[in-house]
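Enquirer: Hey, dropping start.txt in here, compact mmCIF, C-alpha atoms and all ligand atoms:
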# COMPACT_ATOMS: atom_id res chain seq x y z
CA MET A 1 65.30 221.99 187.94
CA SER A 2 66.01 220.95 184.38
CA ALA A 3 65.45 222.78 181.07
CA ILE A 4 66.58 222.73 177.43
CA ILE A 5 68.36 225.62 175.62
CA ASN A 6 69.62 225.16 172.05
CA ASP A 7 68.69 221.49 172.40
CA ILE A 8 71.08 221.10 175.34
CA GLU A 9 69.97 219.61 178.63
CA ILE A 10 70.43 221.87 181.60
CA ILE A 11 70.46 221.15 185.32
CA LYS A 12 70.07 224.50 187.00
CA ALA A 13 71.85 225.54 190.19
CA GLU A 14 69.45 225.63 193.14
CA SER A 15 70.68 229.07 194.11
CA SER A 16 72.98 231.63 192.51
CA ASN A 17 76.31 232.81 193.93
CA ILE A 18 76.13 236.08 192.05
CA THR A 19 75.30 238.26 195.05
CA ALA A 20 78.67 237.36 196.61
CA VAL A 21 80.57 238.92 193.68
CA ASP A 22 81.90 242.47 193.78
CA PHE A 23 81.49 243.43 190.12
CA ASP A 24 83.25 246.78 190.70
CA ASN A 25 86.48 245.15 191.83
CA LEU A 26 86.94 242.09 189.67
CA THR A 27 90.31 240.41 189.38
CA PHE A 28 91.14 238.00 186.54
CA GLY A 29 89.65 234.49 186.55
CA SER A 30 89.14 233.97 190.27
CA VAL A 31 85.36 233.79 190.71
CA PHE A 32 83.21 231.47 188.63
CA SER A 33 79.68 231.69 187.29
CA ASP A 34 76.88 229.40 188.44
CA HIS A 35 77.02 226.87 185.60
CA MET A 36 79.44 224.91 183.44
CA LEU A 37 79.14 222.88 180.26
CA VAL A 38 80.43 219.31 180.30
CA CYS A 39 80.84 216.99 177.34
CA ASP A 40 82.30 213.47 177.50
CA TYR A 41 84.26 211.48 174.96
CA LYS A 42 83.91 207.75 175.52
CA ASP A 43 83.26 204.60 173.45
CA GLY A 44 84.93 206.29 170.48
CA LYS A 45 82.77 209.42 170.26
CA TRP A 46 81.88 212.75 171.82
CA HIS A 47 78.51 212.60 173.57
CA LYS A 48 76.03 215.45 173.68
CA PRO A 49 77.04 218.24 176.12
CA MET A 50 75.11 219.05 179.29
CA ILE A 51 75.00 222.15 181.42
CA MET A 52 75.14 221.71 185.19
CA PRO A 53 75.94 223.70 188.33
CA TYR A 54 79.64 224.68 188.62
CA GLN A 55 81.17 221.87 190.65
CA PRO A 56 84.34 219.81 191.21
CA VAL A 57 85.30 217.10 188.72
CA THR A 58 86.02 213.64 190.12
CA LEU A 59 88.81 211.66 188.46
CA ASP A 60 90.59 208.39 189.08
CA PRO A 61 94.22 208.92 190.27
CA SER A 62 95.34 207.02 187.17
CA ALA A 63 93.59 209.50 184.82
CA LYS A 64 96.11 210.25 182.08
CA ILE A 65 95.87 214.02 182.48
CA PHE A 66 97.79 213.65 185.78
CA HIS A 67 100.61 211.62 184.28
CA TYR A 68 101.01 212.58 180.64
CA GLY A 69 99.52 216.07 180.51
CA GLN A 70 97.09 215.56 177.63
CA SER A 71 95.22 218.84 177.95
CA VAL A 72 94.38 221.80 175.72
CA PHE A 73 92.41 224.96 176.36
CA GLU A 74 91.07 228.17 174.89
CA GLY A 75 90.50 231.71 176.14
CA MET A 76 87.58 233.85 174.99
CA LYS A 77 85.43 236.68 176.33
CA ALA A 78 81.72 237.58 176.28
CA TYR A 79 80.59 241.20 176.40
CA LYS A 80 77.21 242.80 177.10
CA ASP A 81 76.18 246.06 175.41
CA ALA A 82 73.92 248.85 176.73
CA GLU A 83 70.83 247.04 175.30
CA ASP A 84 71.70 243.81 177.14
CA ASN A 85 72.79 242.01 173.96
CA VAL A 86 75.56 239.46 174.45
CA TRP A 87 78.51 239.33 172.03
CA LEU A 88 81.43 237.06 171.29
CA PHE A 89 84.53 237.93 169.27
CA ARG A 90 85.48 235.55 166.42
CA PRO A 91 84.41 232.46 168.42
CA GLU A 92 84.75 230.13 165.42
CA GLN A 93 88.49 230.87 165.51
CA ASN A 94 88.72 229.53 169.06
CA CYS A 95 86.83 226.39 168.13
CA LYS A 96 89.11 225.83 165.15
CA ARG A 97 92.24 226.41 167.23
CA LEU A 98 91.03 224.09 169.99
CA ASN A 99 90.83 221.30 167.43
CA ILE A 100 94.25 222.22 165.99
CA SER A 101 95.70 221.96 169.52
CA SER A 102 93.82 218.70 170.17
CA HIS A 103 95.09 217.17 166.95
CA ARG A 104 98.72 217.79 168.01
CA LEU A 105 98.07 216.15 171.40
CA ALA A 106 96.26 213.15 169.89
CA ILE A 107 92.93 214.24 171.41
CA PRO A 108 89.85 213.45 169.27
CA GLU A 109 88.33 216.35 167.35
CA LEU A 110 85.31 217.97 169.01
CA PRO A 111 82.23 218.66 166.83
CA GLU A 112 81.96 222.42 166.23
CA ALA A 113 78.23 222.44 167.09
CA TYR A 114 78.92 221.09 170.58
CA PHE A 115 81.36 223.96 171.15
CA MET A 116 79.29 226.77 169.63
CA GLU A 117 75.78 225.72 170.65
CA GLY A 118 77.00 224.62 174.08
CA LEU A 119 78.74 227.93 174.68
CA LYS A 120 75.74 229.96 173.53
CA ALA A 121 73.38 228.02 175.80
CA LEU A 122 75.75 228.49 178.75
CA LEU A 123 75.97 232.24 178.12
CA GLN A 124 72.21 232.60 177.81
CA LEU A 125 71.82 230.89 181.16
CA ASP A 126 74.57 232.86 182.96
CA LYS A 127 73.96 236.15 181.13
CA ASP A 128 73.68 238.10 184.40
CA TRP A 129 77.31 237.21 185.13
CA ILE A 130 78.62 239.26 182.19
CA PRO A 131 80.10 242.46 183.63
CA THR A 132 79.33 245.74 181.90
CA LYS A 133 81.98 247.96 183.52
CA ALA A 134 84.60 249.18 181.00
CA GLY A 135 87.61 246.87 181.02
CA SER A 136 85.65 243.95 182.49
CA SER A 137 84.12 240.99 180.66
CA LEU A 138 83.09 237.40 181.18
CA TYR A 139 86.25 235.38 180.57
CA ILE A 140 85.44 232.01 179.02
CA ARG A 141 87.68 228.99 179.48
CA PRO A 142 86.89 226.00 177.24
CA PHE A 143 89.25 223.06 177.87
CA ILE A 144 89.73 219.37 177.13
CA PHE A 145 91.68 216.87 179.18
CA ALA A 146 92.35 213.13 179.27
CA SER A 147 89.97 211.62 181.84
CA GLY A 148 90.65 208.04 180.73
CA ASN A 149 92.70 205.89 183.10
CA GLY A 150 95.94 203.92 182.97
CA PHE A 151 99.72 204.25 183.28
CA HIS A 152 100.43 203.18 179.74
CA ALA A 153 102.06 206.18 178.02
CA SER A 154 99.58 206.43 175.18
CA PRO A 155 96.54 208.59 174.39
CA ALA A 156 93.57 208.14 176.73
CA ASP A 157 90.34 206.49 175.63
CA ALA A 158 88.18 209.06 177.44
CA TYR A 159 88.22 212.88 177.57
CA LYS A 160 86.20 215.69 179.08
CA PHE A 161 85.42 218.98 177.37
CA ILE A 162 84.35 221.62 179.88
CA ILE A 163 83.51 225.30 179.56
CA CYS A 164 83.53 227.47 182.69
CA THR A 165 83.24 231.22 182.82
CA ALA A 166 84.62 233.86 185.17
CA PRO A 167 83.61 237.52 185.40
CA SER A 168 86.99 239.22 185.14
CA GLY A 169 88.81 242.52 185.22
CA ALA A 170 92.20 243.33 183.70
CA TYR A 171 94.83 240.58 183.44
CA PHE A 172 97.70 242.87 184.45
CA SER A 173 97.26 245.14 187.44
CA GLY A 174 100.02 247.67 186.71
CA ASP A 175 102.90 248.43 184.36
CA VAL A 176 104.07 245.53 182.23
CA LYS A 177 107.85 245.29 182.21
CA VAL A 178 109.28 242.33 180.34
CA LEU A 179 112.51 240.37 180.34
CA ILE A 180 113.93 239.15 177.02
CA GLU A 181 114.89 235.53 177.65
CA GLU A 182 118.48 234.43 177.06
CA THR A 183 118.54 230.95 178.61
CA TYR A 184 115.22 229.09 178.71
CA SER A 185 112.91 228.24 175.81
CA ARG A 186 109.15 227.98 175.65
CA SER A 187 109.02 225.86 172.52
CA ALA A 188 111.06 224.32 169.74
CA ASN A 189 110.69 223.47 166.07
CA GLY A 190 108.48 220.43 165.70
CA GLY A 191 107.17 220.87 169.25
CA VAL A 192 103.82 222.02 170.63
CA GLY A 193 104.40 225.78 170.94
CA PHE A 194 101.63 226.58 168.43
CA ALA A 195 99.10 224.53 170.44
CA LYS A 196 97.30 225.94 173.45
CA ALA A 197 98.48 222.99 175.52
CA GLY A 198 98.51 223.21 179.32
CA GLY A 199 102.10 221.97 179.43
CA ASN A 200 103.34 224.99 177.47
CA TYR A 201 102.33 227.15 180.41
CA ALA A 202 103.70 224.82 183.11
CA GLY A 203 107.09 225.00 181.39
CA GLN A 204 107.06 228.80 181.53
CA PHE A 205 106.32 229.18 185.22
CA TYR A 206 109.84 228.64 186.56
CA PRO A 207 111.63 231.04 184.15
CA THR A 208 108.80 233.55 184.73
CA GLN A 209 109.27 233.25 188.51
CA LEU A 210 112.95 234.09 188.01
CA ALA A 211 111.97 237.11 185.89
CA LYS A 212 109.38 238.22 188.48
CA ALA A 213 111.99 238.08 191.22
CA LYS A 214 113.95 240.64 189.18
CA GLY A 215 110.88 242.91 188.80
CA TYR A 216 109.52 241.85 185.39
CA GLN A 217 105.92 240.67 184.81
CA GLN A 218 106.42 238.52 181.72
CA VAL A 219 109.17 236.83 179.77
CA ILE A 220 109.57 237.59 176.10
CA TRP A 221 110.49 234.27 174.58
CA THR A 222 113.18 234.11 171.95
CA ASP A 223 113.91 231.31 169.48
CA ASP A 224 115.29 228.15 171.07
CA ASN A 225 118.18 228.01 168.63
CA ASN A 226 120.25 231.12 169.47
CA HIS A 227 117.83 233.33 171.47
CA GLU A 228 118.25 235.75 168.61
CA TYR A 229 114.67 236.47 167.50
CA ILE A 230 111.72 237.90 169.45
CA GLU A 231 108.92 235.30 169.50
CA GLU A 232 106.04 235.96 171.95
CA ALA A 233 105.32 236.56 175.62
CA GLY A 234 103.98 234.14 178.21
CA ALA A 235 100.30 234.90 177.60
CA MET A 236 100.32 237.19 174.56
CA ASN A 237 101.81 237.90 171.14
CA ILE A 238 104.17 240.84 170.82
CA PHE A 239 104.07 243.96 168.63
CA ILE A 240 106.98 246.38 168.27
CA ARG A 241 106.75 249.85 166.77
CA ILE A 242 109.93 251.21 165.22
CA ASN A 243 109.40 254.74 163.89
CA ASP A 244 105.87 254.44 162.47
CA THR A 245 105.99 250.77 161.49
CA LEU A 246 104.32 248.09 163.56
CA ILE A 247 106.22 244.79 163.47
CA THR A 248 105.26 241.35 164.75
CA GLY A 249 106.99 238.02 164.20
CA PRO A 250 105.51 235.42 161.84
CA THR A 251 103.69 232.51 163.46
CA SER A 252 105.41 229.15 163.31
CA ASP A 253 105.16 225.82 165.07
CA ARG A 254 106.77 227.57 168.07
CA ILE A 255 104.27 230.45 168.40
CA LEU A 256 100.56 230.61 169.21
CA ASP A 257 98.54 231.95 166.28
CA GLY A 258 96.76 234.59 168.38
CA ILE A 259 93.30 235.77 167.37
CA THR A 260 93.98 239.23 168.80
CA ARG A 261 97.27 239.33 166.85
CA LYS A 262 95.65 238.49 163.53
CA SER A 263 92.82 240.99 164.20
CA ILE A 264 95.35 243.76 164.95
CA ILE A 265 97.21 243.05 161.72
CA GLU A 266 93.95 243.26 159.71
CA LEU A 267 92.82 246.36 161.58
CA ALA A 268 96.19 248.11 161.11
CA GLU A 269 96.21 247.28 157.38
CA ALA A 270 92.65 248.62 157.01
CA GLU A 271 93.61 251.84 158.85
CA ASN A 272 96.78 252.39 156.79
CA ILE A 273 99.09 251.81 159.73
CA PRO A 274 102.28 250.36 158.21
CA VAL A 275 102.50 246.80 159.53
CA GLU A 276 105.16 244.19 158.85
CA VAL A 277 104.99 240.51 159.70
CA ARG A 278 108.62 239.48 159.76
CA LYS A 279 111.31 238.07 161.97
CA ILE A 280 112.71 240.68 164.32
CA THR A 281 115.99 240.27 166.14
CA VAL A 282 116.63 241.27 169.73
CA THR A 283 119.56 243.32 168.41
CA GLU A 284 117.23 245.35 166.18
CA VAL A 285 115.00 246.16 169.16
CA VAL A 286 117.92 247.04 171.45
CA ASP A 287 119.49 249.24 168.73
CA ALA A 288 116.14 250.98 168.18
CA ALA A 289 115.82 251.58 171.94
CA LYS A 290 119.31 253.08 171.97
CA ASN A 291 118.83 255.36 168.96
CA GLY A 292 115.34 256.51 169.95
CA THR A 293 113.41 254.89 167.07
CA LEU A 294 111.73 252.32 169.34
CA LYS A 295 108.39 254.02 169.99
CA GLU A 296 106.22 251.26 171.48
CA MET A 297 106.00 247.64 172.42
CA PHE A 298 102.76 245.96 173.37
CA GLY A 299 101.35 242.53 174.06
CA ALA A 300 98.14 241.29 172.43
CA GLY A 301 95.87 238.51 173.62
CA THR A 302 92.35 237.73 174.78
CA ALA A 303 93.15 238.07 178.48
CA ALA A 304 95.73 240.85 178.01
CA VAL A 305 93.68 242.68 175.30
CA ILE A 306 96.37 245.18 174.23
CA SER A 307 98.83 245.75 177.08
CA PRO A 308 101.48 248.43 176.59
CA ILE A 309 104.96 247.42 177.71
CA SER A 310 106.70 250.06 179.82
CA GLY A 311 110.22 248.71 179.40
CA PHE A 312 112.34 245.62 178.85
CA GLY A 313 115.42 244.04 180.32
CA TYR A 314 118.15 242.37 178.27
CA LYS A 315 121.61 241.16 179.31
CA GLY A 316 121.44 243.03 182.60
CA THR A 317 120.39 246.40 181.13
CA ASP A 318 116.92 247.95 181.39
CA TYR A 319 115.48 249.92 178.50
CA ASP A 320 112.47 252.22 179.06
CA LEU A 321 109.84 252.79 176.42
CA PRO A 322 108.69 256.40 175.81
CA LYS A 323 105.68 257.50 177.89
CA ASN A 324 103.07 258.79 175.48
CA ASP A 325 99.27 258.58 175.18
CA ASP A 326 99.17 259.01 171.42
CA THR A 327 100.12 255.41 170.67
CA TYR A 328 99.11 252.69 168.26
CA ALA A 329 98.39 250.58 171.35
CA ASN A 330 95.78 253.02 172.68
CA TYR A 331 94.26 253.58 169.24
CA LEU A 332 94.04 249.88 168.35
CA LYS A 333 92.82 248.91 171.81
CA LYS A 334 89.91 251.33 171.50
CA ARG A 335 89.07 250.11 168.00
CA ILE A 336 89.15 246.47 168.97
CA THR A 337 87.26 246.83 172.27
CA ASP A 338 84.63 249.03 170.53
CA ILE A 339 84.08 246.20 168.04
CA GLN A 340 83.97 243.59 170.82
CA THR A 341 81.48 245.52 172.95
CA ASN A 342 79.24 246.71 170.07
CA LYS A 343 80.22 250.36 170.51
CA GLY A 344 81.80 250.72 167.08
CA GLU A 345 81.49 249.65 163.45
CA ASP A 346 82.56 246.08 162.73
CA PRO A 347 83.46 246.11 159.02
CA PHE A 348 85.11 242.70 159.39
CA GLY A 349 82.07 240.82 160.73
CA TRP A 350 84.04 239.64 163.79
CA ARG A 351 81.31 240.25 166.36
CA VAL A 352 78.88 237.37 166.90
CA LYS A 353 75.59 237.85 168.72
CA VAL A 354 74.63 235.17 171.23
N1 LIG B 401 100.37 233.62 173.05
C1 LIG B 401 100.12 232.89 174.14
C2 LIG B 401 101.20 232.01 174.66
C3 LIG B 401 98.86 232.94 174.76
O1 LIG B 401 98.60 232.21 175.85
C4 LIG B 401 97.87 233.79 174.22
C5 LIG B 401 96.54 233.83 174.84
O2 LIG B 401 95.61 233.24 174.43
C6 LIG B 401 98.18 234.53 173.08
C7 LIG B 401 99.44 234.43 172.52
C8 LIG B 401 97.14 235.39 172.43
O3 LIG B 401 96.19 234.64 171.73
P1 LIG B 401 94.70 235.15 171.56
O4 LIG B 401 94.80 236.52 170.99
O5 LIG B 401 94.08 234.20 170.62
O6 LIG B 401 94.07 235.14 172.90
C1 LIG B 402 94.07 234.16 177.03
O1 LIG B 402 94.50 235.27 176.69
O2 LIG B 402 92.88 233.87 176.92
C2 LIG B 402 94.93 233.13 177.53
O3 LIG B 402 94.60 231.98 177.39
C3 LIG B 402 96.13 233.47 178.29
C4 LIG B 402 96.07 232.80 179.61
C5 LIG B 402 97.38 232.22 179.94
C6 LIG B 402 95.51 233.66 180.67
Go through the file and emit its structure as structure tokens.
Expert:
Amino acid sequence: MSAIINDIEIIKAESSNITAVDFDNLTFGSVFSDHMLVCDYKDGKWHKPMIMPYQPVTLDPSAKIFHYGQSVFEGMKAYKDAEDNVWLFRPEQNCKRLNISSHRLAIPELPEAYFMEGLKALLQLDKDWIPTKAGSSLYIRPFIFASGNGFHASPADAYKFIICTAPSGAYFSGDVKVLIEETYSRSANGGVGFAKAGGNYAGQFYPTQLAKAKGYQQVIWTDDNNHEYIEEAGAMNIFIRINDTLITGPTSDRILDGITRKSIIELAEAENIPVEVRKITVTEVVDAAKNGTLKEMFGAGTAAVISPISGFGYKGTDYDLPKNDDTYANYLKKRITDIQTNKGEDPFGWRVKV
């Protein structure tokens, strides 16, 4: 059956898979909604997107994504409130960042309307897939990859932009203990660290496996020069509270400019929480842990939301963070999720109705 939403052609799935999903026990990003949006770049331009049943993508073995890794992605969430309204959180920021990432990987810029209108049409169609249980949401994965063929090491002449969605629960299942990295680097000056490029994640897997084998869930990346400064974690930006001040490192061409991070900074400033955006050394954090002024560390990201860190490892020593419910992490998490789910005031105008 075919239909049109927001001027976008839709081929509907013949039957829905929704009854097979246990919405009370969702993991992160492992079951997928009935439909996906697909948009092709060929003959020098992006063509109008289409919505179709969720299905495999067929590519030639010489497609450049397989050889040269030209791929970028985004992470977003949709929420449903008690009145069945569907909400997105600062979606224009994701669209903008997707194009910033694409630009760095020599992928042609995607028209904003294809992203926004396409996403809204997809969400209207798969609205029933948006979980309502606290802590769950519909995780949205927009991505672009080089579908054009050839072994020549140069940008492809064809790309696919796809959006798929996955009803999801929490990204981390338990305590988040992190390892401050002393050897490997995620990114370098002049590199692609600021882009949400698939290869940035591939490069993290091996060092993260080593950290996991030692009992840590994520690596905290440090600068590639001397491993002296705290940068970010594998899938989230990092905040550190020393006494009552919240500190996060400045973004750079090595660090992803997280939407959750920038929202937390604005929220903290509006709520008179002292917040500093400045470089922070590993030594400062270790000293604060030793003298008792290190009160909290937490990660911030779309998937991770705000995830308190229970402790960190550095140079063979483990440091525990204080256990306390009265934290900036808990306070800010409630404020931000209330805005996202339409349970609280949104003085910033971040919430967007679908
Ligand atoms: N840093 C990295 C490496 C990430 O993968 C993410 C997740 O998107 C973030 C930070 C947080 O960014 P955002 O808050 O925009 O999701
Ligand atoms: C997100 O938070 O949306 C991300 O993209 C992180 C991802 C690695 C799960």
Enquirer: For A:Pro111, please output as a list in words all residues within 10 Å (counting only C-alpha atoms; exclusion window: fewer than 3 positions along the same chain).
Expert: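 With the cut-off at 10 Å, the set is Lys45, Trp46, His47, Lys48, Cys95, Asn99, Pro108, Tyr114, Phe115 and Met116 of chain A.
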Enquirer: Let me see if you get this right: every residue at most 10 Å from ligand LIG 402 (chain B), counting all atoms listed in the file, written as a short mmCIF file (atom, residue, chain, number, x, y, z; two decimals) with C-alpha atoms, in the frame of the given file.
Expert:
data_model
loop_
_atom_site.label_atom_id
_atom_site.label_comp_id
_atom_site.auth_asym_id
_atom_site.auth_seq_id
_atom_site.Cartn_x
_atom_site.Cartn_y
_atom_site.Cartn_z
CA PHE A 28 91.14 238.00 186.54
CA GLY A 29 89.65 234.49 186.55
CA PHE A 73 92.41 224.96 176.36
CA GLU A 74 91.07 228.17 174.89
CA GLY A 75 90.50 231.71 176.14
CA MET A 76 87.58 233.85 174.99
CA LYS A 77 85.43 236.68 176.33
CA ASN A 94 88.72 229.53 169.06
CA TYR A 139 86.25 235.38 180.57
CA ILE A 140 85.44 232.01 179.02
CA ARG A 141 87.68 228.99 179.48
CA PRO A 142 86.89 226.00 177.24
CA TYR A 171 94.83 240.58 183.44
CA LYS A 196 97.30 225.94 173.45
CA ALA A 197 98.48 222.99 175.52
CA GLY A 198 98.51 223.21 179.32
CA ASN A 200 103.34 224.99 177.47
CA TYR A 201 102.33 227.15 180.41
CA GLY A 234 103.98 234.14 178.21
CA ALA A 235 100.30 234.90 177.60
CA MET A 236 100.32 237.19 174.56
CA ASN A 237 101.81 237.90 171.14
CA GLY A 258 96.76 234.59 168.38
CA ILE A 259 93.30 235.77 167.37
CA THR A 260 93.98 239.23 168.80
CA ALA A 300 98.14 241.29 172.43
CA GLY A 301 95.87 238.51 173.62
CA THR A 302 92.35 237.73 174.78
CA ALA A 303 93.15 238.07 178.48
CA ALA A 304 95.73 240.85 178.01
CA VAL A 305 93.68 242.68 175.30
#
Enquirer: Using Å and a single decimal, report how far atom CA of A:Gly249 sits from atom CA of A:Lys279.
Expert: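 Interatomic distance, atom CA of A:Lys279 to atom CA of A:Gly249: 4.9 Å.
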Enquirer: Leaving out A:Ile144 and any residue of its chain fewer than 4 positions from it, which residues lie within 8 Å of it when counting only C-alpha atoms, given as a ChimeraX atom specification?
Expert: /A:71-73,159-162
Enquirer: Enter the distance from atom CA of A:Pro207 to atom O2 of ligand LIG 401 (chain B), in Å, rounded to one decimal.
Expert: 18.9 Å
Enquirer: Assuming 8 Å of padding per side, give the centre and edge lengths of the axis-aligned box around every listed atom of ligand LIG 401 (chain B), in Å to one decimal and as lines of an AutoDock Vina configuration file.
Expert:
center_x = 97.6
center_y = 234.3
center_z = 173.2
size_x = 23.1
size_y = 20.5
size_z = 21.2
Enquirer: Taking into account only C-alpha atoms, which residue in the set A:Asn85, A:Ser62, A:Thr251, A:Thr327 is nearest to A:Gln124?
Expert: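 Checking each of A:Asn85, A:Ser62, A:Thr251, A:Thr327 against A:Gln124, counting only C-alpha atoms, the winner is A:Asn85.
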Enquirer: In the coordinates of the file, take the point (84.8, 241.4, 163.4) and a cut-off of 7 Å; then, counting all atoms listed in the file, name each qualifying protein, DNA or RNA residue as number ranges by chain.
Expert: A: 89-90, 339, 346-351
Enquirer: Which polymer residues have any atom within 8 Å of an atom of A:Pro322, counting only C-alpha atoms, with same-chain residues fewer than 5 positions away left out, as a PyMOL selection string?
Expert: chain A and resi 295-296+310
Enquirer: Which of these, A:Ser187, A:Thr293, A:Thr165, A:Thr19, has the shortest distance to ligand LIG 401 (chain B) once you count only C-alpha atoms and all ligand atoms?
Expert: A:Ser187
Enquirer: So which one's closest to ligand LIG 401 (chain B), A:Asp257, A:Asp43, A:Asp175, A:Glu266? Using all atoms listed in the file, please.
Expert: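 Of the candidates, the smallest distance to ligand LIG 401 (chain B) is held by A:Asp257.
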Enquirer: Tell me, as a VMD selection string, which residues lie within 9 Å of A:Ile242, counting all atoms listed in the file; anything in the same chain fewer than 5 positions away does not count.
Expert: chain A and resid 247 285 288 to 289 292 to 297
Enquirer: Could you write out that same residue set with C-alpha atoms as a CSV table (one decimal), in the coordinates of the input?
Expert:
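Output file again.csv is given in full below:
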chain,number,residue,atom,x,y,z
A,247,ILE,CA,106.2,244.8,163.5
A,285,VAL,CA,115.0,246.2,169.2
A,288,ALA,CA,116.1,251.0,168.2
A,289,ALA,CA,115.8,251.6,171.9
A,292,GLY,CA,115.3,256.5,170.0
A,293,THR,CA,113.4,254.9,167.1
A,294,LEU,CA,111.7,252.3,169.3
A,295,LYS,CA,108.4,254.0,170.0
A,296,GLU,CA,106.2,251.3,171.5
A,297,MET,CA,106.0,247.6,172.4
Enquirer: I'd like to know which of A:Val277, A:Ile336, A:Asp325, A:Gln204 is closest to A:Ile264, using all atoms listed in the file.
Expert: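 Ranking A:Val277, A:Ile336, A:Asp325, A:Gln204 by distance to A:Ile264, first place goes to A:Ile336.
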Enquirer: Taking all atoms listed in the file into account, name the residue in A:Ile220, A:Cys39, A:Ala233, A:Ala158 that is nearest to A:Ile180.
Expert: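 Among the listed residues, A:Ile220 lies closest to A:Ile180.
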Enquirer: Might you pull out every residue within 10 Å of A:Glu109, with all atoms listed in the file counted and same-chain residues fewer than 4 positions away left off, and present them as a PyMOL selection string?
Expert: chain A and resi 41+45-46+96+98-103
Enquirer: Kindly indicate which residue among A:Ser307, A:Gln218, A:Ser185, A:Thr58 lies nearest to A:Gly148, using only C-alpha atoms for the distances.
Expert: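 With only C-alpha atoms as the atom set, the closest residue is A:Thr58.
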Enquirer: By how many Å are atom CA of A:Lys120 and atom CA of A:Ser16 apart?
Expert: 19.3 Å
Enquirer: Mind listing as a VMD selection string all residues within 10 Å of (106.8, 241.6, 182.9), counting all atoms listed in the file?
Expert: chain A and resid 172 174 to 180 208 211 to 212 214 to 220 233 to 234 309 to 313
